[in-house]
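For reference, the structure is listed below as structure tokens.
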Amino acid sequence: MARQRIATLLTDFGTRDPYVAEMKGTILQICPEATLVDVTHDIAPHDVLGAAFTLAQVAPRFPQGTVHVVVVDPGVGTHRAILALQYGGQRFICPDNGVITFIAQRFDIESLFSVQNARYFAPDEASQTFQGRDIFAPAAAHLLNGIPISRLGEQPAKPMLLDIPQPEGDERSIRGEIIYVDRFGNLISNIPESMLRQRWPRLEAMTVTCGGKETGPLRPAYGYAGDEAPMSLINSMKLLEVAVNCQRACDVFGAGIGAPILVTDAGRE
Amino acid sequence: MARQRIATLLTDFGTRDPYVAEMKGTILQICPEATLVDVTHDIAPHDVLGAAFTLAQVAPRFPQGTVHVVVVDPGVGTHRAILALQYGGQRFICPDNGVITFIAQRFDIESLFSVQNARYFAPDEASQTFQGRDIFAPAAAHLLNGIPISRLGEQPAKPMLLDIPQPEGDERSIRGEIIYVDRFGNLISNIPESMLRQRWPRLEAMTVTCGGKETGPLRPAYGYAGDEAPMSLINSMKLLEVAVNCQRACDVFGAGIGAPILVTDAGRE
Amino acid sequence: MARQRIATLLTDFGTRDPYVAEMKGTILQICPEATLVDVTHDIAPHDVLGAAFTLAQVAPRFPQGTVHVVVVDPGVGTHRAILALQYGGQRFICPDNGVITFIAQRFDIESLFSVQNARYFAPDEASQTFQGRDIFAPAAAHLLNGIPISRLGEQPAKPMLLDIPQPEGDERSIRGEIIYVDRFGNLISNIPESMLRQRWPRLEAMTVTCGGKETGPLRPAYGYAGDEAPMSLINSMKLLEVAVNCQRACDVFGAGIGAPILVTDAGRE
């Protein structure tokens, strides 16, 4: 556990309304020493898959014991559970809607509890419309203050996981799809570097096709291609990515989330 | 007073210009231990009412002694006063333009001073165009450092308050209006739960009409209505709100700030 | 050096992707006590000039010893150097692409090193596509932890500086240009107050023309002009600025970055 008491927040609340600050005030009221870090509040409303992807990129970078609070929660106030989990030394408070999926693929589960114990809710009556403030935030703050995660509630069987698209390979090719488009318009696929290296150990002599268009050669970094030249690369998440230097690949390739991406031997179709 | 030295910032500066960070640097130069929390910087330029609403939702959630710095200030550099106030154990540095209105409705005033003492301004000559950086931020930092609020200046008679719309009821109905539209397009009215409960103790058998259109039944939470079903609910601010699950109520109802909202007995017009 | 360990972040990453939080997690993993401040992440993609301007406004406001991390870096992963610099008691980790230009104009250089020592990179293999996370952030965190800046690498000859437009004056006029347009649409020029005062000691009897249109008189602050009245003023950066109270000057004057601004004696052309 880190000496510092760090909590991150990942929501679809945007940043212009009072909601995020209400959560932060609630955490600081219970744990005034907390260090609060915004992951992002600009997840598209109710985009559980986007939140799951973002969480898996970010959480492992933090010190052990950090509490990651995720409120992308279309089912707020219904009977879906609120979970407290631990994977890879990181702690999570999130709705049981699959937002933990990519984390659960990469790490073994270390703790799993429902957040039910009203003793650790906000001191006022908890609203049913803003459980992020009235349940998630206080639970996170109490974890930062050192209560054992097991105090929060019962142990459910297992967290809900999303059925996410997996890349597939045969002797001729690997087929995947775009799972995230970032602010720069870069197209991030679900094909990991490790899967590519099984077939092309030095990542050479591959042809990458996205949205029916070839990307040009694999580059070590964005700046290695000329301006407006399409390229593919292994990105900082160790995933195959399609990019265009100084342009939006999503526009150039006419591709977005769900678009197919195909890797073949160079020269083959 | 909290052990931690917490300041919040609420402005209409946006987040792409240097202004917010100039304020934060100024605070940290005077009080390096400060914990800084952004409420929002996306208040519409000069929207004092929106800032007042946001401040009242957020400030009471913070630990006692927090200093809330509000710079939504169309009159910057003119003769409007800058105030240091305390309500409900929370401290505020803000222009005397009514941004404290909703806080003043909910809490008794505990302190009221003008911020005039140049000893607590920025060390360089204070600009007349960016008093947020040169007066508000240093005053807040000195409060965090423990100076008594009375050192900042004289005691004015009373803060300016906005003339805000109040809901009205007769034996047949309650009439209010929409005072805030959030990022999700939810329409938040000025009708408090407590006023509704005086007439409908269990919040049943009410009909809510907004923009000339009925909302459907009062729901305990967003997720209880079907997708795209309009609803009304008591929100986390304990105000009557009109929402549409997974859609923007402001578009569906063709309503915005100032739109009338009417509550009647179910079955009556 | 401040007791607090403060790092600021200035990037063109936006706030909706995982990238900023990955950097923050990386810093906190190495220096859990760090106080992290966002300058902005909304620099236009690859706008080195805008980042340079913003950095120079913000950095001098922070406590001595603060580490400012700048990742606006079109050349990421190519052979451009990464620099660790000190000017005016402030420390900087940035690409060697001119982003330090305005700081270098205002302060004498105190330290200059390349960031090359892989011992201070991220513990995993550093990616070539996200050096902000894998090199800049760890180097900053190690500086916060107290390593001498000279440990990071070799001393290069000098940092690259941008060739930025300078205002010019003759006996009749001063000619400059707009170098920044802020969120409010205010037009900020490269003409410093000090240059104006050499000719007009009390800043009177000047005529300011921008985009071919006169601005009206110099005002002490925005609120001194009537609504929708154009004005010029000396802004909080001590630069000549063109503004329109409650309107966007960039629209009213049809002017943007690079637009000429002319100051003459009132009455002269």
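Ligands are numbered from 1 in the order shown, chains are lettered A, B, ... in the order of the structure tokens, and residues start at 1 in each chain.
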
Identify every residue of chain A that has at least one atom within 9 Å of any atom of chain C, counting only C-alpha atoms, and report the result as a tab-separated table (two decimals) with all heavy atoms, in the first residue's frame.
chain	number	residue	atom	x	y	z
A	2	ALA	N	0.53	2.20	-0.78
A	2	ALA	CA	1.29	3.45	-0.87
A	2	ALA	C	1.08	4.26	0.40
A	2	ALA	O	0.02	4.18	1.03
A	2	ALA	CB	0.83	4.26	-2.08
A	3	ARG	N	2.09	5.05	0.74
A	3	ARG	CA	1.91	5.98	1.84
A	3	ARG	C	0.85	7.00	1.49
A	3	ARG	O	0.08	7.44	2.30
A	3	ARG	CB	3.22	6.73	2.11
A	3	ARG	CG	4.30	5.93	2.75
A	3	ARG	CD	5.66	6.52	2.42
A	3	ARG	NE	5.94	6.47	0.99
A	3	ARG	CZ	6.95	7.08	0.39
A	3	ARG	NH1	7.77	7.83	1.10
A	3	ARG	NH2	7.14	6.95	-0.91
A	4	GLN	N	0.86	7.42	0.24
A	4	GLN	CA	-0.13	8.40	-0.18
A	4	GLN	C	-1.47	7.71	-0.37
A	4	GLN	O	-1.53	6.52	-0.66
A	4	GLN	CB	0.29	9.05	-1.49
A	4	GLN	CG	1.55	9.87	-1.38
A	4	GLN	CD	1.50	10.91	-0.29
A	4	GLN	OE1	2.16	10.75	0.73
A	4	GLN	NE2	0.72	11.95	-0.48
A	5	ARG	N	-2.53	8.50	-0.21
A	5	ARG	CA	-3.90	7.99	-0.37
A	5	ARG	C	-4.43	8.55	-1.68
A	5	ARG	O	-4.93	9.67	-1.72
A	5	ARG	CB	-4.74	8.42	0.80
A	5	ARG	CG	-4.17	7.87	2.11
A	5	ARG	CD	-4.86	8.44	3.33
A	5	ARG	NE	-4.28	7.84	4.53
A	5	ARG	CZ	-4.84	7.88	5.72
A	5	ARG	NH1	-6.00	8.49	5.90
A	5	ARG	NH2	-4.26	7.30	6.75
A	6	ILE	N	-4.28	7.76	-2.74
A	6	ILE	CA	-4.58	8.25	-4.08
A	6	ILE	C	-5.88	7.62	-4.56
A	6	ILE	O	-6.07	6.41	-4.47
A	6	ILE	CB	-3.43	7.90	-5.05
A	6	ILE	CG1	-2.12	8.52	-4.56
A	6	ILE	CG2	-3.76	8.36	-6.47
A	6	ILE	CD1	-0.88	8.04	-5.29
A	8	THR	N	-8.43	7.79	-8.11
A	8	THR	CA	-8.69	8.34	-9.45
A	8	THR	C	-10.19	8.30	-9.71
A	8	THR	O	-10.92	7.50	-9.12
A	8	THR	CB	-7.97	7.53	-10.55
A	8	THR	OG1	-8.70	6.33	-10.82
A	8	THR	CG2	-6.53	7.21	-10.18
A	35	THR	N	-5.21	12.33	-2.36
A	35	THR	CA	-4.73	12.90	-3.61
A	35	THR	C	-5.69	12.42	-4.69
A	35	THR	O	-5.84	11.22	-4.90
A	35	THR	CB	-3.30	12.39	-3.91
A	35	THR	OG1	-2.42	12.88	-2.92
A	35	THR	CG2	-2.84	12.87	-5.30
A	37	VAL	N	-7.01	12.28	-8.61
A	37	VAL	CA	-6.55	12.38	-10.00
A	37	VAL	C	-7.72	12.10	-10.94
A	37	VAL	O	-8.39	11.06	-10.82
A	37	VAL	CB	-5.41	11.38	-10.29
A	37	VAL	CG1	-4.97	11.48	-11.74
A	37	VAL	CG2	-4.23	11.62	-9.35
A	38	ASP	N	-7.99	13.02	-11.85
A	38	ASP	CA	-9.00	12.78	-12.88
A	38	ASP	C	-8.42	11.88	-13.96
A	38	ASP	O	-7.38	12.22	-14.55
A	38	ASP	CB	-9.42	14.10	-13.52
A	38	ASP	CG	-10.07	15.04	-12.53
A	38	ASP	OD1	-11.09	14.66	-11.94
A	38	ASP	OD2	-9.54	16.16	-12.34
A	39	VAL	N	-9.05	10.75	-14.22
A	39	VAL	CA	-8.66	9.99	-15.41
A	39	VAL	C	-9.28	10.69	-16.61
A	39	VAL	O	-8.59	11.28	-17.42
A	39	VAL	CB	-9.09	8.51	-15.31
A	39	VAL	CG1	-8.81	7.79	-16.61
A	39	VAL	CG2	-8.38	7.85	-14.14
A	40	THR	N	-10.57	10.67	-16.70
A	40	THR	CA	-11.29	11.52	-17.64
A	40	THR	C	-12.74	11.54	-17.21
A	40	THR	O	-13.21	10.60	-16.56
A	40	THR	CB	-11.17	11.04	-19.10
A	40	THR	OG1	-11.92	11.96	-19.94
A	40	THR	CG2	-11.77	9.66	-19.30
A	41	HIS	N	-13.44	12.63	-17.55
A	41	HIS	CA	-14.88	12.69	-17.35
A	41	HIS	C	-15.59	12.81	-18.69
A	41	HIS	O	-16.78	13.06	-18.73
A	41	HIS	CB	-15.22	13.86	-16.41
A	41	HIS	CG	-14.49	13.74	-15.12
A	41	HIS	ND1	-14.79	12.75	-14.21
A	41	HIS	CD2	-13.43	14.41	-14.60
A	41	HIS	CE1	-13.95	12.84	-13.19
A	41	HIS	NE2	-13.12	13.83	-13.40
A	42	ASP	N	-14.85	12.61	-19.76
A	42	ASP	CA	-15.39	12.79	-21.11
A	42	ASP	C	-15.64	11.47	-21.82
A	42	ASP	O	-15.68	11.42	-23.05
A	42	ASP	CB	-14.42	13.66	-21.92
A	42	ASP	CG	-14.34	15.06	-21.37
A	42	ASP	OD1	-15.33	15.50	-20.73
A	42	ASP	OD2	-13.31	15.73	-21.54
A	43	ILE	N	-15.80	10.38	-21.07
A	43	ILE	CA	-16.33	9.15	-21.66
A	43	ILE	C	-17.70	9.51	-22.26
A	43	ILE	O	-18.45	10.27	-21.66
A	43	ILE	CB	-16.46	8.07	-20.56
A	43	ILE	CG1	-15.09	7.71	-19.98
A	43	ILE	CG2	-17.19	6.84	-21.10
A	43	ILE	CD1	-14.16	6.97	-20.91
A	53	PHE	N	-11.90	0.19	-21.53
A	53	PHE	CA	-10.63	0.30	-22.24
A	53	PHE	C	-9.72	1.31	-21.55
A	53	PHE	O	-8.54	1.05	-21.28
A	53	PHE	CB	-10.90	0.71	-23.69
A	53	PHE	CG	-9.67	0.85	-24.52
A	53	PHE	CD1	-9.09	-0.26	-25.12
A	53	PHE	CD2	-9.08	2.09	-24.71
A	53	PHE	CE1	-7.95	-0.13	-25.89
A	53	PHE	CE2	-7.94	2.23	-25.47
A	53	PHE	CZ	-7.36	1.11	-26.06
A	54	THR	N	-10.28	2.46	-21.24
A	54	THR	CA	-9.51	3.54	-20.61
A	54	THR	C	-8.97	3.10	-19.24
A	54	THR	O	-7.80	3.31	-18.91
A	54	THR	CB	-10.39	4.79	-20.46
A	54	THR	OG1	-10.85	5.17	-21.78
A	54	THR	CG2	-9.63	5.94	-19.83
A	55	LEU	N	-9.84	2.48	-18.46
A	55	LEU	CA	-9.44	2.03	-17.12
A	55	LEU	C	-8.25	1.08	-17.19
A	55	LEU	O	-7.30	1.18	-16.39
A	55	LEU	CB	-10.63	1.34	-16.45
A	55	LEU	CG	-10.43	0.89	-15.00
A	55	LEU	CD1	-10.25	2.10	-14.09
A	55	LEU	CD2	-11.60	0.04	-14.52
A	57	GLN	N	-5.95	0.89	-19.45
A	57	GLN	CA	-4.71	1.56	-19.84
A	57	GLN	C	-4.09	2.31	-18.67
A	57	GLN	O	-2.87	2.44	-18.57
A	57	GLN	CB	-4.97	2.57	-20.98
A	57	GLN	CG	-5.43	1.93	-22.26
A	57	GLN	CD	-4.57	0.77	-22.72
A	57	GLN	OE1	-3.36	0.77	-22.53
A	57	GLN	NE2	-5.20	-0.23	-23.28
A	58	VAL	N	-4.95	2.85	-17.83
A	58	VAL	CA	-4.50	3.82	-16.83
A	58	VAL	C	-4.16	3.16	-15.49
A	58	VAL	O	-3.12	3.44	-14.89
A	58	VAL	CB	-5.59	4.89	-16.63
A	58	VAL	CG1	-5.31	5.72	-15.39
A	58	VAL	CG2	-5.69	5.76	-17.88
A	59	ALA	N	-5.02	2.30	-15.01
A	59	ALA	CA	-4.92	1.83	-13.61
A	59	ALA	C	-3.56	1.21	-13.29
A	59	ALA	O	-2.98	1.51	-12.24
A	59	ALA	CB	-6.06	0.87	-13.29
A	60	PRO	N	-3.01	0.35	-14.17
A	60	PRO	CA	-1.75	-0.31	-13.79
A	60	PRO	C	-0.57	0.65	-13.64
A	60	PRO	O	0.46	0.28	-13.10
A	60	PRO	CB	-1.49	-1.28	-14.96
A	60	PRO	CG	-2.82	-1.46	-15.63
A	60	PRO	CD	-3.54	-0.16	-15.44
A	61	ARG	N	-0.71	1.89	-14.13
A	61	ARG	CA	0.37	2.88	-14.01
A	61	ARG	C	0.47	3.46	-12.61
A	61	ARG	O	1.46	4.14	-12.29
A	61	ARG	CB	0.13	4.04	-14.99
A	61	ARG	CG	0.07	3.62	-16.44
A	61	ARG	CD	1.46	3.34	-16.98
A	61	ARG	NE	1.39	2.53	-18.17
A	61	ARG	CZ	2.45	2.00	-18.76
A	61	ARG	NH1	3.66	2.20	-18.27
A	61	ARG	NH2	2.33	1.27	-19.83
A	62	PHE	N	-0.57	3.31	-11.78
A	62	PHE	CA	-0.61	3.99	-10.49
A	62	PHE	C	0.06	3.17	-9.40
A	62	PHE	O	0.24	1.96	-9.54
A	62	PHE	CB	-2.08	4.30	-10.14
A	62	PHE	CG	-2.54	5.58	-10.78
A	62	PHE	CD1	-2.89	5.61	-12.12
A	62	PHE	CD2	-2.54	6.77	-10.08
A	62	PHE	CE1	-3.27	6.80	-12.74
A	62	PHE	CE2	-2.91	7.96	-10.67
A	62	PHE	CZ	-3.28	7.98	-12.01
A	63	PRO	N	0.43	3.85	-8.30
A	63	PRO	CA	1.02	3.11	-7.18
A	63	PRO	C	0.04	2.06	-6.65
A	63	PRO	O	-1.18	2.27	-6.69
A	63	PRO	CB	1.26	4.21	-6.12
A	63	PRO	CG	1.30	5.49	-6.87
A	63	PRO	CD	0.40	5.30	-8.06
A	64	GLN	N	0.58	0.96	-6.16
A	64	GLN	CA	-0.23	-0.06	-5.52
A	64	GLN	C	-1.10	0.57	-4.44
A	64	GLN	O	-0.67	1.45	-3.73
A	64	GLN	CB	0.68	-1.12	-4.87
A	64	GLN	CG	1.60	-1.81	-5.85
A	64	GLN	CD	0.92	-2.95	-6.55
A	64	GLN	OE1	0.46	-3.88	-5.90
A	64	GLN	NE2	0.81	-2.88	-7.87
A	182	ASP	N	-8.76	7.62	-30.74
A	182	ASP	CA	-8.38	8.64	-29.77
A	182	ASP	C	-8.59	10.04	-30.34
A	182	ASP	O	-9.06	10.23	-31.46
A	182	ASP	CB	-6.96	8.40	-29.25
A	182	ASP	CG	-5.87	8.80	-30.22
A	182	ASP	OD1	-6.16	9.42	-31.27
A	182	ASP	OD2	-4.70	8.48	-29.92
A	183	ARG	N	-8.28	11.05	-29.53
A	183	ARG	CA	-8.49	12.44	-29.87
A	183	ARG	C	-7.81	12.85	-31.17
A	183	ARG	O	-8.28	13.77	-31.85
A	183	ARG	CB	-7.88	13.28	-28.74
A	183	ARG	CG	-7.96	14.72	-29.00
A	183	ARG	CD	-6.80	15.58	-28.53
A	183	ARG	NE	-7.32	16.94	-28.56
A	183	ARG	CZ	-6.66	18.02	-28.36
A	183	ARG	NH1	-5.38	17.97	-28.03
A	183	ARG	NH2	-7.22	19.18	-28.45
A	184	PHE	N	-6.70	12.21	-31.50
A	184	PHE	CA	-5.96	12.55	-32.71
A	184	PHE	C	-6.53	11.83	-33.93
A	184	PHE	O	-6.04	12.00	-35.04
A	184	PHE	CB	-4.48	12.19	-32.54
A	184	PHE	CG	-3.81	12.94	-31.43
A	184	PHE	CD1	-3.69	12.40	-30.16
A	184	PHE	CD2	-3.30	14.21	-31.65
A	184	PHE	CE1	-3.08	13.11	-29.13
A	184	PHE	CE2	-2.69	14.93	-30.62
A	184	PHE	CZ	-2.59	14.37	-29.35
A	220	PRO	N	8.30	2.85	-36.41
A	220	PRO	CA	8.58	2.83	-34.97
A	220	PRO	C	7.88	3.96	-34.20
A	220	PRO	O	7.65	3.85	-33.00
A	220	PRO	CB	10.11	2.99	-34.89
A	220	PRO	CG	10.54	3.52	-36.22
A	220	PRO	CD	9.49	3.16	-37.23
A	221	ALA	N	7.54	5.09	-34.88
A	221	ALA	CA	6.88	6.20	-34.18
A	221	ALA	C	6.23	7.10	-35.21
A	221	ALA	O	6.56	7.05	-36.40
A	221	ALA	CB	7.90	6.99	-33.35
A	222	TYR	N	5.32	7.95	-34.77
A	222	TYR	CA	4.56	8.81	-35.68
A	222	TYR	C	5.48	9.64	-36.57
A	222	TYR	O	5.27	9.75	-37.76
A	222	TYR	CB	3.63	9.74	-34.89
A	222	TYR	CG	2.67	8.99	-34.02
A	222	TYR	CD1	2.83	8.96	-32.63
A	222	TYR	CD2	1.59	8.29	-34.56
A	222	TYR	CE1	1.95	8.25	-31.83
A	222	TYR	CE2	0.71	7.58	-33.76
A	222	TYR	CZ	0.89	7.57	-32.39
A	222	TYR	OH	0.02	6.87	-31.59
A	223	GLY	N	6.50	10.24	-35.97
A	223	GLY	CA	7.32	11.20	-36.69
A	223	GLY	C	8.18	10.58	-37.79
A	223	GLY	O	8.82	11.30	-38.55
A	224	TYR	N	8.21	9.23	-37.90
A	224	TYR	CA	9.04	8.59	-38.91
A	224	TYR	C	8.40	8.58	-40.29
A	224	TYR	O	9.08	8.33	-41.28
A	224	TYR	CB	9.39	7.16	-38.49
A	224	TYR	CG	10.57	7.11	-37.57
A	224	TYR	CD1	10.42	7.18	-36.20
A	224	TYR	CD2	11.86	7.05	-38.09
A	224	TYR	CE1	11.51	7.15	-35.35
A	224	TYR	CE2	12.96	7.02	-37.26
A	224	TYR	CZ	12.78	7.07	-35.88
A	224	TYR	OH	13.87	7.06	-35.05
A	233	LEU	N	1.57	1.11	-36.62
A	233	LEU	CA	2.63	1.03	-35.61
A	233	LEU	C	2.12	0.24	-34.40
A	233	LEU	O	0.92	-0.01	-34.28
A	233	LEU	CB	3.11	2.43	-35.21
A	233	LEU	CG	2.09	3.51	-34.89
A	233	LEU	CD1	1.47	3.28	-33.53
A	233	LEU	CD2	2.75	4.88	-34.91
A	234	ILE	N	3.06	-0.18	-33.59
A	234	ILE	CA	2.71	-0.76	-32.29
A	234	ILE	C	2.67	0.40	-31.31
A	234	ILE	O	3.67	1.10	-31.12
A	234	ILE	CB	3.76	-1.80	-31.85
A	234	ILE	CG1	3.90	-2.91	-32.89
A	234	ILE	CG2	3.41	-2.36	-30.48
A	234	ILE	CD1	2.63	-3.68	-33.18
A	235	ASN	N	1.52	0.63	-30.71
A	235	ASN	CA	1.40	1.83	-29.90
A	235	ASN	C	1.84	1.59	-28.45
A	235	ASN	O	2.33	0.51	-28.11
A	235	ASN	CB	-0.02	2.39	-29.99
A	235	ASN	CG	-1.04	1.54	-29.26
A	235	ASN	OD1	-0.69	0.62	-28.53
A	235	ASN	ND2	-2.29	1.86	-29.46
A	236	SER	N	1.64	2.62	-27.63
A	236	SER	CA	2.13	2.57	-26.25
A	236	SER	C	1.35	1.56	-25.41
A	236	SER	O	1.72	1.27	-24.28
A	236	SER	CB	2.05	3.95	-25.63
A	236	SER	OG	0.69	4.36	-25.52
A	237	MET	N	0.23	1.06	-25.95
A	237	MET	CA	-0.54	0.01	-25.27
A	237	MET	C	-0.15	-1.37	-25.79
A	237	MET	O	-0.78	-2.35	-25.45
A	237	MET	CB	-2.04	0.25	-25.52
A	237	MET	CG	-2.50	1.64	-25.13
A	237	MET	SD	-4.06	2.09	-25.96
A	237	MET	CE	-4.23	3.81	-25.37
A	238	LYS	N	0.88	-1.41	-26.65
A	238	LYS	CA	1.34	-2.65	-27.30
A	238	LYS	C	0.24	-3.26	-28.17
A	238	LYS	O	0.12	-4.48	-28.29
A	238	LYS	CB	1.88	-3.66	-26.28
A	238	LYS	CG	3.07	-3.10	-25.47
A	238	LYS	CD	3.77	-4.17	-24.68
A	238	LYS	CE	4.76	-3.59	-23.67
A	238	LYS	NZ	5.83	-2.76	-24.27
A	245	ASN	N	0.34	10.64	-40.02
A	245	ASN	CA	1.09	11.71	-39.39
A	245	ASN	C	0.44	13.06	-39.70
A	245	ASN	O	0.22	13.40	-40.85
A	245	ASN	CB	2.55	11.70	-39.88
A	245	ASN	CG	3.48	12.43	-38.94
A	245	ASN	OD1	3.14	12.66	-37.77
A	245	ASN	ND2	4.64	12.81	-39.43
A	246	CYS	N	0.12	13.83	-38.64
A	246	CYS	CA	-0.48	15.16	-38.79
A	246	CYS	C	-1.86	15.14	-39.44
A	246	CYS	O	-2.32	16.18	-39.92
A	246	CYS	CB	0.45	16.10	-39.54
A	246	CYS	SG	2.05	16.30	-38.74

Spatial neighbours of Asn190 (chain A), 7 Å, only C-alpha atoms, chain gap at least 2 places, as number ranges by chain:
A: 166-167, 176-179, 188, 192, 239

Expected file contents, prior selection, all heavy atoms, as a short mmCIF file (atom, residue, chain, number, x, y, z; two decimals), in the first residue's frame:
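Okay, this is what ended up in out-v5.cif:
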data_model
loop_
_atom_site.label_atom_id
_atom_site.label_comp_id
_atom_site.auth_asym_id
_atom_site.auth_seq_id
_atom_site.Cartn_x
_atom_site.Cartn_y
_atom_site.Cartn_z
N GLN A 166 -12.54 -10.51 -30.06
CA GLN A 166 -11.17 -11.03 -29.98
C GLN A 166 -10.59 -11.16 -31.39
O GLN A 166 -11.32 -11.56 -32.30
CB GLN A 166 -11.16 -12.41 -29.31
CG GLN A 166 -11.61 -12.38 -27.86
CD GLN A 166 -10.74 -11.51 -26.98
OE1 GLN A 166 -9.53 -11.46 -27.17
NE2 GLN A 166 -11.35 -10.77 -26.06
N PRO A 167 -9.33 -10.86 -31.56
CA PRO A 167 -8.72 -11.04 -32.88
C PRO A 167 -8.59 -12.54 -33.18
O PRO A 167 -8.44 -13.35 -32.27
CB PRO A 167 -7.34 -10.40 -32.72
CG PRO A 167 -7.05 -10.47 -31.26
CD PRO A 167 -8.36 -10.38 -30.56
N GLY A 176 -8.69 -8.53 -36.96
CA GLY A 176 -9.17 -7.92 -35.72
C GLY A 176 -10.13 -6.79 -36.04
O GLY A 176 -10.65 -6.71 -37.15
N GLU A 177 -10.33 -5.93 -35.07
CA GLU A 177 -11.17 -4.76 -35.35
C GLU A 177 -10.72 -3.57 -34.52
O GLU A 177 -9.96 -3.71 -33.55
CB GLU A 177 -12.65 -5.07 -35.16
CG GLU A 177 -13.07 -5.42 -33.76
CD GLU A 177 -14.58 -5.72 -33.71
OE1 GLU A 177 -15.00 -6.82 -34.16
OE2 GLU A 177 -15.33 -4.85 -33.22
N ILE A 178 -11.17 -2.40 -34.95
CA ILE A 178 -10.84 -1.17 -34.23
C ILE A 178 -11.70 -1.12 -32.96
O ILE A 178 -12.92 -1.28 -33.03
CB ILE A 178 -11.12 0.07 -35.12
CG1 ILE A 178 -10.28 0.01 -36.40
CG2 ILE A 178 -10.87 1.36 -34.34
CD1 ILE A 178 -8.79 -0.15 -36.18
N ILE A 179 -11.05 -0.90 -31.80
CA ILE A 179 -11.81 -0.85 -30.55
C ILE A 179 -11.76 0.52 -29.87
O ILE A 179 -12.48 0.76 -28.91
CB ILE A 179 -11.34 -1.93 -29.55
CG1 ILE A 179 -9.83 -1.81 -29.27
CG2 ILE A 179 -11.70 -3.32 -30.05
CD1 ILE A 179 -9.39 -2.66 -28.10
N ILE A 188 -7.14 2.45 -32.98
CA ILE A 188 -6.48 1.45 -32.14
C ILE A 188 -7.23 0.14 -32.26
O ILE A 188 -8.44 0.09 -32.07
CB ILE A 188 -6.41 1.96 -30.68
CG1 ILE A 188 -5.59 3.26 -30.66
CG2 ILE A 188 -5.83 0.89 -29.76
CD1 ILE A 188 -5.62 3.99 -29.35
N PRO A 192 -2.89 -7.52 -30.38
CA PRO A 192 -1.71 -7.21 -29.56
C PRO A 192 -0.41 -7.51 -30.31
O PRO A 192 -0.35 -8.42 -31.15
CB PRO A 192 -1.85 -8.12 -28.35
CG PRO A 192 -2.71 -9.24 -28.79
CD PRO A 192 -3.57 -8.74 -29.92
N LEU A 239 -0.55 -2.41 -28.78
CA LEU A 239 -1.60 -2.83 -29.71
C LEU A 239 -1.28 -2.26 -31.10
O LEU A 239 -0.66 -1.20 -31.22
CB LEU A 239 -2.96 -2.29 -29.26
CG LEU A 239 -3.52 -2.85 -27.95
CD1 LEU A 239 -4.77 -2.09 -27.52
CD2 LEU A 239 -3.82 -4.35 -28.09
#

Within 10 Å of Asp108 (chain B), counting only C-alpha atoms, which residues show up once you throw out same-chain ones fewer than 2 positions away? Write them as a PyMOL selection string, please.
chain B and resi 86-89+103-106+110-111

Kindly export the residues of the current selection with C-alpha atoms, as a PDB file, in the first residue's frame.
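Resulting contents of result-v7.pdb:
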ATOM      1  CA  GLN B  86     -18.275  32.456   5.437  1.00  0.00           C
ATOM      2  CA  TYR B  87     -21.498  30.420   5.436  1.00  0.00           C
ATOM      3  CA  GLY B  88     -21.978  26.964   6.989  1.00  0.00           C
ATOM      4  CA  GLY B  89     -18.293  26.683   7.828  1.00  0.00           C
ATOM      5  CA  ILE B 103     -25.634  29.677  -0.632  1.00  0.00           C
ATOM      6  CA  ALA B 104     -27.124  32.684   1.197  1.00  0.00           C
ATOM      7  CA  GLN B 105     -30.604  31.148   0.894  1.00  0.00           C
ATOM      8  CA  ARG B 106     -29.513  27.903   2.547  1.00  0.00           C
ATOM      9  CA  GLU B 110     -21.005  33.855   9.512  1.00  0.00           C
ATOM     10  CA  SER B 111     -18.518  36.411   8.113  1.00  0.00           C
TER      11      SER B 111
END

Helix (DSSP H, G or I) residues, from DSSP on the backbone, in region 35-179 of chain C, as JSON, numbers by chain
{"C": [48, 49, 50, 51, 52, 53, 54, 55, 56, 57, 58, 59, 60, 61, 101, 102, 103, 104, 105, 106, 118, 119, 120, 131, 132, 133, 134, 135, 136, 137, 138, 139, 140, 141, 142, 143, 144, 149, 150, 151, 152]}

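All residues of protein, DNA or RNA that reach within 8 Å of Ala243 (chain B), judged by only C-alpha atoms and not counting those fewer than 5 positions away in the chain, are B:Gly185, B:Asn186, B:Leu187, B:Tyr222, B:Pro230, B:Met231, B:Ser232, B:Leu233, B:Arg248, B:Ala249.
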
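Using only C-alpha atoms, the residues found no farther than 12 Å from Ala118 (chain C), other than those of its own chain fewer than 3 positions away, are C:Ser114, C:Val115, C:Phe121, C:Ala122, C:Pro123, C:Asp124, C:Glu125, C:Ala126, C:Gln131, C:Asp134, C:Ile135, C:Phe136, C:Pro138, C:Ala139, C:His142, C:Arg151, C:Leu152, C:Gly153.
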
DSSP-assigned strand (DSSP E) among region 23-170 of chain C, expressed as an NGL selection string:
:C and (35-40 or 67-71 or 82-87 or 90-95 or 109-114 or 168-169)

For Ala229 (chain B), find every residue with an atom within 6 Å (counting only C-alpha atoms), except residues of its own chain fewer than 2 positions away, and show them as a PyMOL selection string.
chain B and resi 225-227+244-245
